[in-house]
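Peer 1: Pasting a structure here, questions to come.
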Amino acid sequence: MSANPELEPQDTVEFGSRSRGFRRFLKLILRDPAGLIGLILVLMLVIVAIFAPQIAPHDPLAQSLTNAKAPPAFSDGGTWEYPLGTDRLGRDVLSRLIFGARVSVTVGFFGAAIAVSIGLVVGLIAGFVGGKLDKLLMSIVDLILSVPYLVVVIVVAAVLGRSLFNVVMLFGVTASPLFARTTRGEVLRLREAGFVSAARASGAKLPRILVRHVFPNLVGPLLTLATFEMSAMIFYEAGLSFLGLSVPPNIPSWGNMLDSGRRSLFTGLPWLSVFPGLAIALAGLSMNLLGDWLRDILDPRIRRARG
Amino acid sequence: MITPVTQPSRPKTDEVILDVDGLEVTFDSPDGKVHAVNGVSFQLRGGESLGIVGESGSGKSVTMMSLVALLPSPPARIAGGTAILRHDGTEMDLLAASSGQIRKVRGSKIGFVFQDPLSALNPTMRIGEQIAESVRKHRDLTEDEIQSETVSLLADVGIADPERRARSYPHEFSGGMRQRVMIAIAMAGDPPIVIFDEPTTALDVTVQAQIVELVKTRLAAERGTAIVWITHDLAVVAGIADRVAVMYGGTIVESGLVDEIYENPQHPYTRGLLQAIPSTDSDGSTRLASIEGSPPDLLVEPNFCPFQPRCAYAFDRCIAERPRLRSVGEGHLVACHFDLERNEPVR
Amino acid sequence: MTVTSHAHAAGSDPPTETLLRVDDLNKHYPVRSLRLFGSEESAIRAVDGVSFEIHKGETLGLVGESGCGKSTTGRVLLRLEEPTSGSVWFDGVDLSTLDAESMRMIRKRMQVVFQDSADSLNPRMSTGHTIAEPLHIYGMGTDDEIQAKVAELMELVGLNPGWAKRFPHEFSGGQRQRINIARALAINPDFIVLDEPISALDVSIQAQVVNLLADLQARLGLTYLFIAHDLAMVRHISDRIAVMYLGRIVETADSGAIFEEPLHPYTQALISAVPLPDPKKERTRIPIVLEGEVPSPGNMPAGCVFHPRCPQAVDRCRQEVPVFREFTPGRFVACHLVDEAGSHIVERRGL
C-alpha cells in the first residue's frame with residue numbers, strides 16, 4: 001500500500017479472469033502430490049467408465065468355457081489375451097472391471113448430484129426463510145437420517161425389483177440431509193457475514209445476494225462434502241451388490257464380482273476377488289484424497305493461516 | 001504512583017534473571033521459511049517490568065513463547081541463540097533444556113497469561129480446581145492448605161466472594177474476571193517472572209484499567225515479580241513498564257528506559273509509531289503522522305533493515321546490511337544506520 | 001426516556017444543517033426463556049431510547065464498551081435491522097414511512113464500513129467486482145464507465161487500480177479496509193457509518209486509514225458516524241461524541257468538552273481509564289475504578305442504569321430514570337447529579 005500507487009499502463013481494468021483462476025488451481029494441485037494422485041485417479045475412473053465399450057478388450061458378458069479360470073497374465077499359465085484372468089464362466093475379469101466402473105461412477109456421481117440438488121434447495125429455504133418452515137424441514141431431515149437405509153433398500157429391492165435407478169435415487173435421498181444441513185449452516189453464517197450486510201447496505205436485493213454472494217461461497221463446502229459422499233456411495237453400492245441388493249446379476253459391478261469371487265478366494269482363483277476389491281479400495285481412496293485436498297484449498301481459513 | 005504497602009517479597013535487584021541472546025525462530029510454511037524472530041537479545045532483571053511493543057508479525061509473542069517451548073514444532077524451529085534463566089543460584093539455557101525441564105520451568109519459574117483466557121481455561125472444570133491444580137503442582141502443601149491457598153489467590157486477584165466463586169465454571173465469569181483467574185493461576189507457583197501476552201487487548205478500557213492496576217500492585221509491587229508485558233498499545237506500556245523494547249520485523253529495533261523511549265526515541269519506527277497515535281489529552285486538530293507502506297514480508301531472508309522499505313531516512317546501507325543494536329545513551333539501544341540526533345548516517 | 005428539543009440546530013446557532021436525526025430509537029430482541037410450563041417472554045434492550053442528531057459534514061463519535069449497543073444503533077439506522085420503535089430522519093425524511101423502493105433510493109446515500117475487513121469482503125469476488133457492485137445495483141453507468149469509475153475509486157483510496165483482479169486474501173488488513181471504503185464511496189453517499197473501521201488494524205496502519213477518512217471527508221463533504229471503543233482515536237476524528245452505556249446514550253457533547261469536562265460519572269470513569277502514551281503523565285493519572293460488572297441488557301437496573309456501579313449514586317438514582325436533556329447548548333446528559341447550570345453538583349473525585 002502506498003500513497004502513490006505505481007500506475008501500470010492499462011487500457012481497461014479487467015476484474016478477475018478465468019485463466020488466472022485455472023493457473024492458480026494448477027499451481028495448488030501440483031504442490032500437493034496426494035491431491036494430484038487423487039485427481040488423476042478420479043479422472044481415470046470417469047474416463048474408463050464413459051469409454052468402457054472402447055477400452056474393454058472383451059465383451060464383459062461373453063462366456064467361453066475353454067478359457068475359464070485363466071489366471072492373470074503375470075502369473076504362471078496366464079496369457080495377455082486376458083490380462084487379469086477370467087472367471088469360472090470364462091468372462092474377462094478386466095473387461096468386467098471396466099464395465100463395473102460404470103455402475104460405481106453412476107451411483108457416485110448421480111447419487112451425489114441428487115443429494116446436492118435436494119440438499120441445496122432444502123437448505124437454502126430453511127436458512128433463508130427460517131421460523132416454522134425451517135423447523136419443519138429440519139424435522140424431516142432428522143427423520144430421514146433416523147431411518148435405517150439398509151432396511152429401506154431391502155424393501156425397495158423386494159417391491160420394485162433390483163435396479164441401478166432405485167439405488168441411485170435411494171442414495172441421493174438418504175444423503176441429501178447432510179447437504180441440507182451443511183447448506184443451512186453456511187447460509188446462516190453467510191447471512192450474518194459482513195459482506196452480505198455491506199451488499200444489503202448497497203441496496204442489493206435477495207436474488208443478487210443469493211447469486212453473487214451466497215452461491216459462490218457454498219460451492220467449496222458442498223463440493224468437498226460431495227466428493228466424500230461419492231466415495232461413501234461407491235462403497236455402499238459395492239456392499240449392496242455384494243449382498244445382491246443392487247444391480248441385477250447380469251450387469252457387472254465390483255460388488256457382485258467380489259461376491260462371486262469370494263467363494264474362490266481360497267480355492268486357487270484369488271484374482272476373482274482381489275481385483276474388484278482393489279478397484280473399490282482405489283476408487284474410494286482417490287476420492288478421499290481429492291476431497292481432503294479440496295477441503296484444504298477451498299477453506300479460506302486454512303489458506304489464510306499464513307503469517 | 002503505586003506505593004507498595006508491604007515490602008516486596010523479592011526486592012528489585014540489578015541481577016539479570018533472564019538473559020536472551022541472539023534468539024532466532026523460523027516457521028516452515030507452504031510458501032517457504034518464515035523468519036519470525038531474527039536475532040533477538042534482551043535482559044530481564046529481577047523485579048523489573050519490561051514492555052515489549054510491536055505490531056502483528058513483529059515477533060513479540062513468538063519470542064516469549066519460544067522461551068518456554070509453547071510454539072508448536074513443527075512448523076516452528078528455534079534456529080539459534082541462548083536464553084539463560086538464573087534463579088536461586090541455578091542457571092539453565094531454556095532453549096537447550098529438555099521438555100521435562102521446561103515443564104518444570106513453566107509456572108514455577110515463568111508464568112504465562114494469554115490474551116484469550118477463555119481458550120486457556122478448561123470449560124468443564126471449576127475455577128477453584130483449576131487454580132488448585134496449579135498450586136498442587138508447584139507447592140508441597142496438604143489438601144486443606146491448597147484449598148485455602150486457592151481461595152486466598154482468588155481474593156488476591158480481586159474476585160469478590162472467593163469461596164463461592166471458586167465453585168463457578170469459566171463461562172459464568174466475564175472476560176475481565178477470567179483474566180483475573182489466569183493471573184491467579186500464574187501466581188500460584190510464585191514464579192519470579194510472569195509473561196503477559198496482550199492480556200488486555202480483548203477487554204474493555206475500564207476492565208483493562210482494573211487488570212493493569214492488579215498486576216502493578218499484587219504482582220510487581222507486593223511480590224516483586226518481574227513482568228514482561230507484550231502489547232501493541234504504547235499507552236498501556238507507558239503506564240506499566242520500567243523498560244521498553246520495540247520490535248519490528250522479528251528484531252528489537254530500540255530498547256531503553258520507558259521515559260527515554262517516549263521522550264527521546266532514536267529509531268525512525270519508534271518515532272513514527274509515537275506520532276501515529278493520538279492521545280485523549282491532546283485535541284485532534286493535528287493530522288496524525290502515519291507510517292506509509294505495509295508490514296514486512298517475513299519470507300525474505302532478513303539481511304537488511306526490516307523497516308527500510310517504509311523508512312524516510314533509508315539509504316543504500318540499510319538495504320545492504322542489517323543494523324546491529326548500538327548504544328545511544330545509558331541503557332538505550334537502537335538498531336539503525338542513521339543517527340537521528342545528528343541527522344546523518346552513523347559513522 | 002423523553003425526547004428533548006432538537007431545536008438548537010435550527011435555532012440561532014451557527015448554520016449547521018441536520019442530516020440525520022434519531023428519535024427515541026429502540027431495538028429490543030425478544031428472548032424466550034423456557035419454564036417448566038410454557039415459556040416466558042422478556043426482551044434484551046440492545047438499544048433503549050436513543051436520540052441524537054448528526055449535522056452535515058461533521059463526524060459524530062459513538063463510543064462505549066462492548067455490548068453497549070453502539071454497533072446495533074448503527075445497523076438499525078441503516079435499516080440493516082428493523083427498529084422496535086422510534087424513528088430515523090434522513091435529510092428531513094422519516095425512513096419508517098418509506099416503501100421498499102424509496103428506502104433503496106435513500107440507502108444509496110447512506111453507506112457503511114465494518115470492522116472486520118476480511119469478513120466484509122466476499123472471498124470469492126475480485127476487488128474490482130466488489131467495488132463495482134453498488135454501481136451495478138443502481139445501474140450507474142455502462143460497463144466501461146463502471147470500470148473507469150472503479151479505477152478512479154481505487155486511486156482515491158490509495159490502491160493501485162491494477163489490483164482490481166486480485167481477491168481479498170491477497171491484501172493486507174489495511175488494504176482491505178481501503179477496498180471497503182472504496183465500495184462505500186462508489187455511489188457517492190452523503191453519509192457513512194464507520195463501525196469500528198480501524199479496531200482490527202495495526203497501530204501504524206490505523207493512522208493511514210484515519211488520515212484517509214479525514215481527507216475523503218474534507219474532499220467529498222462526507223458526514224460520518226464513527227463507532228469505536230478507542231477513545232483517543234475517537235477524540236482525534238470526531239467533532240462531537242455520544243457516550244453509550246447499556247443501550248442508552250448518557251452524554252453527548254463536543255469532543256473537547258467530553259474529554260476535558262466530562263459530566264456523566266460513566267464518561268468520567270471511561271475517560272480516566274484510558275492510558276496515555278506518556279510515562280510521565282501515566283504516573284499521575286488516577287483511574288476511577290468502577291466496581292462490579294456491566295449488568296445484562298436483559299435485566300436492566302431500575303432508575304439510572306448506571307447506578308449500581310456509579311461511585312456517586314444517591315437514592316434518587318436508584319428510583320428515577322434521569323432525563324436525557326440539554327444543559328448547555330449542544331450538551332446533553334442523563335444524570336441526576338448535574339445541576340441546571342450544567343456543572344456537577346458532587347465534587348468529582350480523583351481528577
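Lettering and numbering for the C-alpha cells are positional, with chains as A, B, ... in the shown order, residues counted from 1 in each chain, and ligands counted from 1 in the shown order.
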Running DSSP on the backbone, which parts of region 31-217 of chain C land in strand (DSSP E or B), as a PyMOL selection string?
Peer 2: chain C and resi 31-34+39-55+59-63+85-90+93-94+110-113+191-195
Peer 1: Write to file, as a PDB file, in the first residue's frame, the residues of the selection just made, with C-alpha atoms.
Peer 2:
```
ATOM      1  CA  VAL C  31     -35.775 -13.800  24.417  1.00  0.00           C
ATOM      2  CA  ARG C  32     -37.845 -16.759  25.367  1.00  0.00           C
ATOM      3  CA  SER C  33     -36.731 -18.489  28.487  1.00  0.00           C
ATOM      4  CA  LEU C  34     -38.202 -21.924  28.911  1.00  0.00           C
ATOM      5  CA  SER C  39     -42.210 -20.099  28.304  1.00  0.00           C
ATOM      6  CA  GLU C  40     -41.598 -16.581  29.423  1.00  0.00           C
ATOM      7  CA  GLU C  41     -41.031 -13.647  27.095  1.00  0.00           C
ATOM      8  CA  SER C  42     -38.608 -10.949  28.023  1.00  0.00           C
ATOM      9  CA  ALA C  43     -36.510  -8.534  26.000  1.00  0.00           C
ATOM     10  CA  ILE C  44     -32.874  -7.677  25.639  1.00  0.00           C
ATOM     11  CA  ARG C  45     -32.793  -3.934  25.277  1.00  0.00           C
ATOM     12  CA  ALA C  46     -29.817  -3.562  22.977  1.00  0.00           C
ATOM     13  CA  VAL C  47     -30.787  -0.012  22.046  1.00  0.00           C
ATOM     14  CA  ASP C  48     -33.044   1.693  24.531  1.00  0.00           C
ATOM     15  CA  GLY C  49     -34.432   5.111  23.708  1.00  0.00           C
ATOM     16  CA  VAL C  50     -31.507   6.556  21.822  1.00  0.00           C
ATOM     17  CA  SER C  51     -31.756  10.073  20.386  1.00  0.00           C
ATOM     18  CA  PHE C  52     -29.116  12.123  18.618  1.00  0.00           C
ATOM     19  CA  GLU C  53     -28.536  14.087  15.505  1.00  0.00           C
ATOM     20  CA  ILE C  54     -25.679  14.442  13.085  1.00  0.00           C
ATOM     21  CA  HIS C  55     -25.016  17.650  11.191  1.00  0.00           C
ATOM     22  CA  THR C  59     -18.237  13.378  12.449  1.00  0.00           C
ATOM     23  CA  LEU C  60     -20.177  12.122  15.413  1.00  0.00           C
ATOM     24  CA  GLY C  61     -18.222   9.637  17.510  1.00  0.00           C
ATOM     25  CA  LEU C  62     -20.322   6.948  19.184  1.00  0.00           C
ATOM     26  CA  VAL C  63     -18.353   5.336  21.985  1.00  0.00           C
ATOM     27  CA  SER C  85     -39.725   1.582  17.728  1.00  0.00           C
ATOM     28  CA  GLY C  86     -38.555   5.101  17.178  1.00  0.00           C
ATOM     29  CA  SER C  87     -37.721   6.953  14.031  1.00  0.00           C
ATOM     30  CA  VAL C  88     -34.744   7.848  11.915  1.00  0.00           C
ATOM     31  CA  TRP C  89     -34.963  11.025   9.855  1.00  0.00           C
ATOM     32  CA  PHE C  90     -32.539  11.368   6.973  1.00  0.00           C
ATOM     33  CA  VAL C  93     -37.444  12.236   5.536  1.00  0.00           C
ATOM     34  CA  ASP C  94     -38.771   9.794   8.121  1.00  0.00           C
ATOM     35  CA  MET C 110     -26.050   6.024   3.346  1.00  0.00           C
ATOM     36  CA  GLN C 111     -23.165   3.576   3.309  1.00  0.00           C
ATOM     37  CA  VAL C 112     -21.247   1.517   5.833  1.00  0.00           C
ATOM     38  CA  VAL C 113     -17.727   0.281   6.564  1.00  0.00           C
ATOM     39  CA  PHE C 191     -23.323   9.689   4.997  1.00  0.00           C
ATOM     40  CA  ILE C 192     -21.145   6.755   6.072  1.00  0.00           C
ATOM     41  CA  VAL C 193     -21.460   4.658   9.203  1.00  0.00           C
ATOM     42  CA  LEU C 194     -17.933   3.642  10.195  1.00  0.00           C
ATOM     43  CA  ASP C 195     -18.406   0.695  12.513  1.00  0.00           C
TER      44      ASP C 195
END
```
Peer 1: Please identify which residues in region 109-183 of chain B DSSP calls alpha helix (DSSP H) from the backbone, and express them as a PyMOL selection string.
Peer 2: chain B and resi 117-120+127-138+143-156+162-165+175-183
Peer 1: Counting only C-alpha atoms, what is within 6 Å of region 267-282 of chain B, bar same-chain residues fewer than 4 positions away, as a ChimeraX atom specification?
Peer 2: /B:288-290 /C:207,232-233
Peer 1: When the cut-off is 6 Å and we count only C-alpha atoms, which residues of chain B are near chain C, given as a PyMOL selection string?
Peer 2: chain B and resi 1+55+204+206+209+234-236+238-239+259+276+278-280+284+290-291
Peer 1: Near region 317-325 of chain C, counting only C-alpha atoms, which residues have an atom at most 10 Å away, once you skip same-chain residues fewer than 5 positions from it, shown as number ranges by chain?
Peer 2: C: 1-5, 49-51, 248-252, 301-308, 310, 312, 330-337
Peer 1: What would the file look like if the residues just selected were written as a PDB file, in the first residue's frame with N, CA and C atoms?
Peer 2:
```
ATOM      1  N   MET C   1     -37.727   7.160  28.430  1.00  0.00           N
ATOM      2  CA  MET C   1     -36.897   8.362  28.299  1.00  0.00           C
ATOM      3  C   MET C   1     -37.581   9.352  27.360  1.00  0.00           C
ATOM      4  N   THR C   2     -37.740  10.555  27.810  1.00  0.00           N
ATOM      5  CA  THR C   2     -38.386  11.529  26.942  1.00  0.00           C
ATOM      6  C   THR C   2     -37.364  12.159  26.006  1.00  0.00           C
ATOM      7  N   VAL C   3     -37.881  12.592  24.911  1.00  0.00           N
ATOM      8  CA  VAL C   3     -37.012  13.201  23.927  1.00  0.00           C
ATOM      9  C   VAL C   3     -37.071  14.708  24.114  1.00  0.00           C
ATOM     10  N   THR C   4     -35.963  15.310  24.177  1.00  0.00           N
ATOM     11  CA  THR C   4     -35.939  16.752  24.382  1.00  0.00           C
ATOM     12  C   THR C   4     -35.679  17.479  23.081  1.00  0.00           C
ATOM     13  N   SER C   5     -35.607  18.756  23.189  1.00  0.00           N
ATOM     14  CA  SER C   5     -35.562  19.594  21.993  1.00  0.00           C
ATOM     15  C   SER C   5     -34.405  19.241  21.081  1.00  0.00           C
ATOM     16  N   GLY C  49     -34.083   3.692  23.675  1.00  0.00           N
ATOM     17  CA  GLY C  49     -34.432   5.111  23.708  1.00  0.00           C
ATOM     18  C   GLY C  49     -33.277   6.027  23.354  1.00  0.00           C
ATOM     19  N   VAL C  50     -32.663   5.757  22.231  1.00  0.00           N
ATOM     20  CA  VAL C  50     -31.507   6.556  21.822  1.00  0.00           C
ATOM     21  C   VAL C  50     -31.936   7.697  20.907  1.00  0.00           C
ATOM     22  N   SER C  51     -31.467   8.909  21.222  1.00  0.00           N
ATOM     23  CA  SER C  51     -31.756  10.073  20.386  1.00  0.00           C
ATOM     24  C   SER C  51     -30.478  10.861  20.155  1.00  0.00           C
ATOM     25  N   ARG C 248     -28.157   2.943  26.237  1.00  0.00           N
ATOM     26  CA  ARG C 248     -28.610   4.340  26.287  1.00  0.00           C
ATOM     27  C   ARG C 248     -27.450   5.294  26.069  1.00  0.00           C
ATOM     28  N   ILE C 249     -27.768   6.451  25.523  1.00  0.00           N
ATOM     29  CA  ILE C 249     -26.745   7.486  25.446  1.00  0.00           C
ATOM     30  C   ILE C 249     -26.781   8.243  26.770  1.00  0.00           C
ATOM     31  N   VAL C 250     -25.635   8.340  27.443  1.00  0.00           N
ATOM     32  CA  VAL C 250     -25.617   9.019  28.736  1.00  0.00           C
ATOM     33  C   VAL C 250     -25.108  10.445  28.610  1.00  0.00           C
ATOM     34  N   GLU C 251     -24.349  10.718  27.563  1.00  0.00           N
ATOM     35  CA  GLU C 251     -23.827  12.078  27.410  1.00  0.00           C
ATOM     36  C   GLU C 251     -23.460  12.337  25.954  1.00  0.00           C
ATOM     37  N   THR C 252     -23.769  13.552  25.502  1.00  0.00           N
ATOM     38  CA  THR C 252     -23.358  13.988  24.167  1.00  0.00           C
ATOM     39  C   THR C 252     -22.799  15.397  24.281  1.00  0.00           C
ATOM     40  N   PRO C 301     -31.145  -2.524  35.515  1.00  0.00           N
ATOM     41  CA  PRO C 301     -31.438  -1.998  36.848  1.00  0.00           C
ATOM     42  C   PRO C 301     -32.528  -0.924  36.768  1.00  0.00           C
ATOM     43  N   ALA C 302     -33.282  -0.768  37.867  1.00  0.00           N
ATOM     44  CA  ALA C 302     -34.288   0.290  37.916  1.00  0.00           C
ATOM     45  C   ALA C 302     -33.575   1.628  38.059  1.00  0.00           C
ATOM     46  N   GLY C 303     -34.298   2.686  37.771  1.00  0.00           N
ATOM     47  CA  GLY C 303     -33.706   4.014  37.893  1.00  0.00           C
ATOM     48  C   GLY C 303     -32.645   4.232  36.835  1.00  0.00           C
ATOM     49  N   CYS C 304     -31.581   4.915  37.216  1.00  0.00           N
ATOM     50  CA  CYS C 304     -30.481   5.145  36.285  1.00  0.00           C
ATOM     51  C   CYS C 304     -29.755   3.822  36.060  1.00  0.00           C
ATOM     52  N   VAL C 305     -29.553   3.435  34.785  1.00  0.00           N
ATOM     53  CA  VAL C 305     -28.951   2.129  34.519  1.00  0.00           C
ATOM     54  C   VAL C 305     -27.529   2.036  35.058  1.00  0.00           C
ATOM     55  N   PHE C 306     -26.900   3.155  35.321  1.00  0.00           N
ATOM     56  CA  PHE C 306     -25.513   3.147  35.776  1.00  0.00           C
ATOM     57  C   PHE C 306     -25.408   3.115  37.300  1.00  0.00           C
ATOM     58  N   HIS C 307     -26.527   3.267  38.008  1.00  0.00           N
ATOM     59  CA  HIS C 307     -26.406   3.473  39.448  1.00  0.00           C
ATOM     60  C   HIS C 307     -25.694   2.353  40.223  1.00  0.00           C
ATOM     61  N   PRO C 308     -25.844   1.055  39.823  1.00  0.00           N
ATOM     62  CA  PRO C 308     -25.158   0.042  40.645  1.00  0.00           C
ATOM     63  C   PRO C 308     -23.636   0.180  40.639  1.00  0.00           C
ATOM     64  N   CYS C 310     -22.102   3.293  39.928  1.00  0.00           N
ATOM     65  CA  CYS C 310     -21.747   4.705  39.987  1.00  0.00           C
ATOM     66  C   CYS C 310     -21.149   5.047  41.354  1.00  0.00           C
ATOM     67  N   GLN C 312     -20.948   7.797  42.645  1.00  0.00           N
ATOM     68  CA  GLN C 312     -21.587   8.982  43.213  1.00  0.00           C
ATOM     69  C   GLN C 312     -23.090   8.810  43.406  1.00  0.00           C
ATOM     70  N   GLY C 330     -25.862  22.172  22.961  1.00  0.00           N
ATOM     71  CA  GLY C 330     -25.140  21.061  22.378  1.00  0.00           C
ATOM     72  C   GLY C 330     -24.707  20.017  23.381  1.00  0.00           C
ATOM     73  N   ARG C 331     -25.001  20.237  24.654  1.00  0.00           N
ATOM     74  CA  ARG C 331     -24.517  19.293  25.655  1.00  0.00           C
ATOM     75  C   ARG C 331     -25.678  18.607  26.358  1.00  0.00           C
ATOM     76  N   PHE C 332     -25.817  17.327  26.071  1.00  0.00           N
ATOM     77  CA  PHE C 332     -26.904  16.546  26.651  1.00  0.00           C
ATOM     78  C   PHE C 332     -26.318  15.567  27.664  1.00  0.00           C
ATOM     79  N   VAL C 333     -26.977  15.458  28.824  1.00  0.00           N
ATOM     80  CA  VAL C 333     -26.526  14.500  29.824  1.00  0.00           C
ATOM     81  C   VAL C 333     -27.757  13.850  30.447  1.00  0.00           C
ATOM     82  N   ALA C 334     -27.641  12.581  30.780  1.00  0.00           N
ATOM     83  CA  ALA C 334     -28.706  11.913  31.526  1.00  0.00           C
ATOM     84  C   ALA C 334     -28.160  11.577  32.903  1.00  0.00           C
ATOM     85  N   CYS C 335     -28.231  12.540  33.835  1.00  0.00           N
ATOM     86  CA  CYS C 335     -27.725  12.297  35.183  1.00  0.00           C
ATOM     87  C   CYS C 335     -28.418  13.235  36.161  1.00  0.00           C
ATOM     88  N   HIS C 336     -28.820  12.677  37.300  1.00  0.00           N
ATOM     89  CA  HIS C 336     -29.469  13.498  38.327  1.00  0.00           C
ATOM     90  C   HIS C 336     -28.488  14.434  39.011  1.00  0.00           C
ATOM     91  N   LEU C 337     -27.202  14.146  38.868  1.00  0.00           N
ATOM     92  CA  LEU C 337     -26.209  14.874  39.656  1.00  0.00           C
ATOM     93  C   LEU C 337     -25.668  16.095  38.925  1.00  0.00           C
TER      94      LEU C 337
END
```
Peer 1: I'd like a table as CSV: residues in chain C with an atom no more than 9 Å from chain A, each row giving the shortest atom pair and its distance in Å to one decimal, only C-alpha atoms counted, sorted by chain and rising residue number.
Peer 2:
```
residue,atom,partner,partner_atom,distance
C:Leu78,CA,A:Ala201,CA,7.1
C:Arg79,CA,A:Ala201,CA,8.1
C:Leu80,CA,A:Ala201,CA,6.8
C:Met103,CA,A:Gly203,CA,8.8
C:Arg104,CA,A:Gly203,CA,5.5
C:Met105,CA,A:Gly203,CA,8.0
C:Arg107,CA,A:Gly203,CA,6.5
C:Lys108,CA,A:Ser202,CA,6.4
C:Met110,CA,A:Ala201,CA,7.7
C:Gln111,CA,A:Ala201,CA,6.2
C:Val112,CA,A:Ala198,CA,6.7
C:Val113,CA,A:Ala198,CA,7.6
C:Phe114,CA,A:Gly194,CA,7.0
C:Gln115,CA,A:Gly194,CA,8.8
C:Asp116,CA,A:Gly194,CA,7.5
C:Ser117,CA,A:Gly194,CA,8.4
C:Ala118,CA,A:Gly194,CA,8.4
C:Asp119,CA,A:Gly194,CA,5.2
C:Ser120,CA,A:Phe195,CA,3.9
C:Leu121,CA,A:Phe195,CA,4.9
C:Asn122,CA,A:Phe195,CA,5.6
C:Pro123,CA,A:Pro300,CA,7.6
C:Arg124,CA,A:Pro216,CA,6.4
C:Met125,CA,A:His213,CA,8.2
C:Ser126,CA,A:Gly16,CA,5.8
C:Thr127,CA,A:Phe15,CA,7.2
C:Gly128,CA,A:Phe15,CA,5.1
C:His129,CA,A:Phe15,CA,6.1
C:Glu133,CA,A:Ala199,CA,7.9
C:Pro134,CA,A:Ser202,CA,5.4
C:Leu135,CA,A:Ser202,CA,8.9
C:Ile137,CA,A:Ala204,CA,6.2
C:Tyr138,CA,A:Gly203,CA,7.8
C:Asp144,CA,A:Thr12,CA,8.0
C:Gln147,CA,A:Val13,CA,6.0
C:Ala148,CA,A:Val13,CA,7.6
C:Val150,CA,A:Val13,CA,8.3
C:Ala151,CA,A:Val13,CA,7.1
C:Glu155,CA,A:Pro5,CA,7.5
C:Val157,CA,A:Ala3,CA,8.5
C:Gly158,CA,A:Ala3,CA,5.3
C:Leu159,CA,A:Pro5,CA,6.1
C:Asn160,CA,A:Pro5,CA,4.9
C:Pro161,CA,A:Leu7,CA,7.3
C:Gly162,CA,A:Glu8,CA,6.3
C:Trp163,CA,A:Phe15,CA,8.7
C:Ala164,CA,A:Phe15,CA,5.5
C:Lys165,CA,A:Gly16,CA,4.1
C:Arg166,CA,A:Gly16,CA,6.6
C:Phe167,CA,A:Gly16,CA,8.0
C:His169,CA,A:Arg304,CA,6.8
C:Ser172,CA,A:Met1,CA,8.6
C:Gly174,CA,A:Met1,CA,8.1
C:Gln175,CA,A:Met1,CA,6.5
C:Asn180,CA,A:Ala198,CA,8.8
C:Arg183,CA,A:Ser202,CA,8.8
C:Ala184,CA,A:Ser202,CA,7.8
C:Ile187,CA,A:Ser202,CA,8.5
```
Peer 1: Give me the chain B side of the contact with chain A, cut-off 12 Å, one line per residue showing its nearest atom pair and distance in Å at one decimal, counting only C-alpha atoms, sorted by chain and residue number, as JSON lines.
Peer 2:
```
{"residue": "B:Thr26", "atom": "CA", "partner": "A:Gly307", "partner_atom": "CA", "distance": 11.5}
{"residue": "B:Phe27", "atom": "CA", "partner": "A:Gly307", "partner_atom": "CA", "distance": 9.4}
{"residue": "B:Asp28", "atom": "CA", "partner": "A:Arg306", "partner_atom": "CA", "distance": 10.2}
{"residue": "B:Ser29", "atom": "CA", "partner": "A:Arg306", "partner_atom": "CA", "distance": 7.4}
{"residue": "B:Pro30", "atom": "CA", "partner": "A:Arg306", "partner_atom": "CA", "distance": 8.6}
{"residue": "B:Asp31", "atom": "CA", "partner": "A:Arg306", "partner_atom": "CA", "distance": 8.6}
{"residue": "B:Gly32", "atom": "CA", "partner": "A:Arg306", "partner_atom": "CA", "distance": 10.5}
{"residue": "B:Lys33", "atom": "CA", "partner": "A:Gly307", "partner_atom": "CA", "distance": 10.9}
{"residue": "B:Val34", "atom": "CA", "partner": "A:Gly307", "partner_atom": "CA", "distance": 7.9}
{"residue": "B:His35", "atom": "CA", "partner": "A:Gly307", "partner_atom": "CA", "distance": 10.1}
{"residue": "B:Ala36", "atom": "CA", "partner": "A:Gly307", "partner_atom": "CA", "distance": 8.9}
{"residue": "B:Ser56", "atom": "CA", "partner": "A:Gly307", "partner_atom": "CA", "distance": 8.9}
{"residue": "B:Gly57", "atom": "CA", "partner": "A:Gly307", "partner_atom": "CA", "distance": 6.8}
{"residue": "B:Ser58", "atom": "CA", "partner": "A:Gly307", "partner_atom": "CA", "distance": 10.4}
{"residue": "B:Gly59", "atom": "CA", "partner": "A:Gly307", "partner_atom": "CA", "distance": 10.5}
{"residue": "B:Val62", "atom": "CA", "partner": "A:Gly307", "partner_atom": "CA", "distance": 11.6}
{"residue": "B:Pro75", "atom": "CA", "partner": "A:Arg306", "partner_atom": "CA", "distance": 11.6}
{"residue": "B:Gly249", "atom": "CA", "partner": "A:Gly307", "partner_atom": "CA", "distance": 11.7}
{"residue": "B:Ser290", "atom": "CA", "partner": "A:Ala3", "partner_atom": "CA", "distance": 10.8}
{"residue": "B:Ile291", "atom": "CA", "partner": "A:Ser2", "partner_atom": "CA", "distance": 10.0}
{"residue": "B:Glu292", "atom": "CA", "partner": "A:Ser2", "partner_atom": "CA", "distance": 6.2}
{"residue": "B:Gly293", "atom": "CA", "partner": "A:Met1", "partner_atom": "CA", "distance": 5.2}
{"residue": "B:Ser294", "atom": "CA", "partner": "A:Met1", "partner_atom": "CA", "distance": 6.0}
{"residue": "B:Pro295", "atom": "CA", "partner": "A:Met1", "partner_atom": "CA", "distance": 9.7}
{"residue": "B:Pro296", "atom": "CA", "partner": "A:Gly307", "partner_atom": "CA", "distance": 10.7}
{"residue": "B:Asp297", "atom": "CA", "partner": "A:Gly307", "partner_atom": "CA", "distance": 9.1}
{"residue": "B:Leu298", "atom": "CA", "partner": "A:Gly307", "partner_atom": "CA", "distance": 8.1}
{"residue": "B:Leu299", "atom": "CA", "partner": "A:Gly307", "partner_atom": "CA", "distance": 9.4}
{"residue": "B:Pro309", "atom": "CA", "partner": "A:Ser2", "partner_atom": "CA", "distance": 10.9}
{"residue": "B:Arg310", "atom": "CA", "partner": "A:Ser2", "partner_atom": "CA", "distance": 9.6}
```
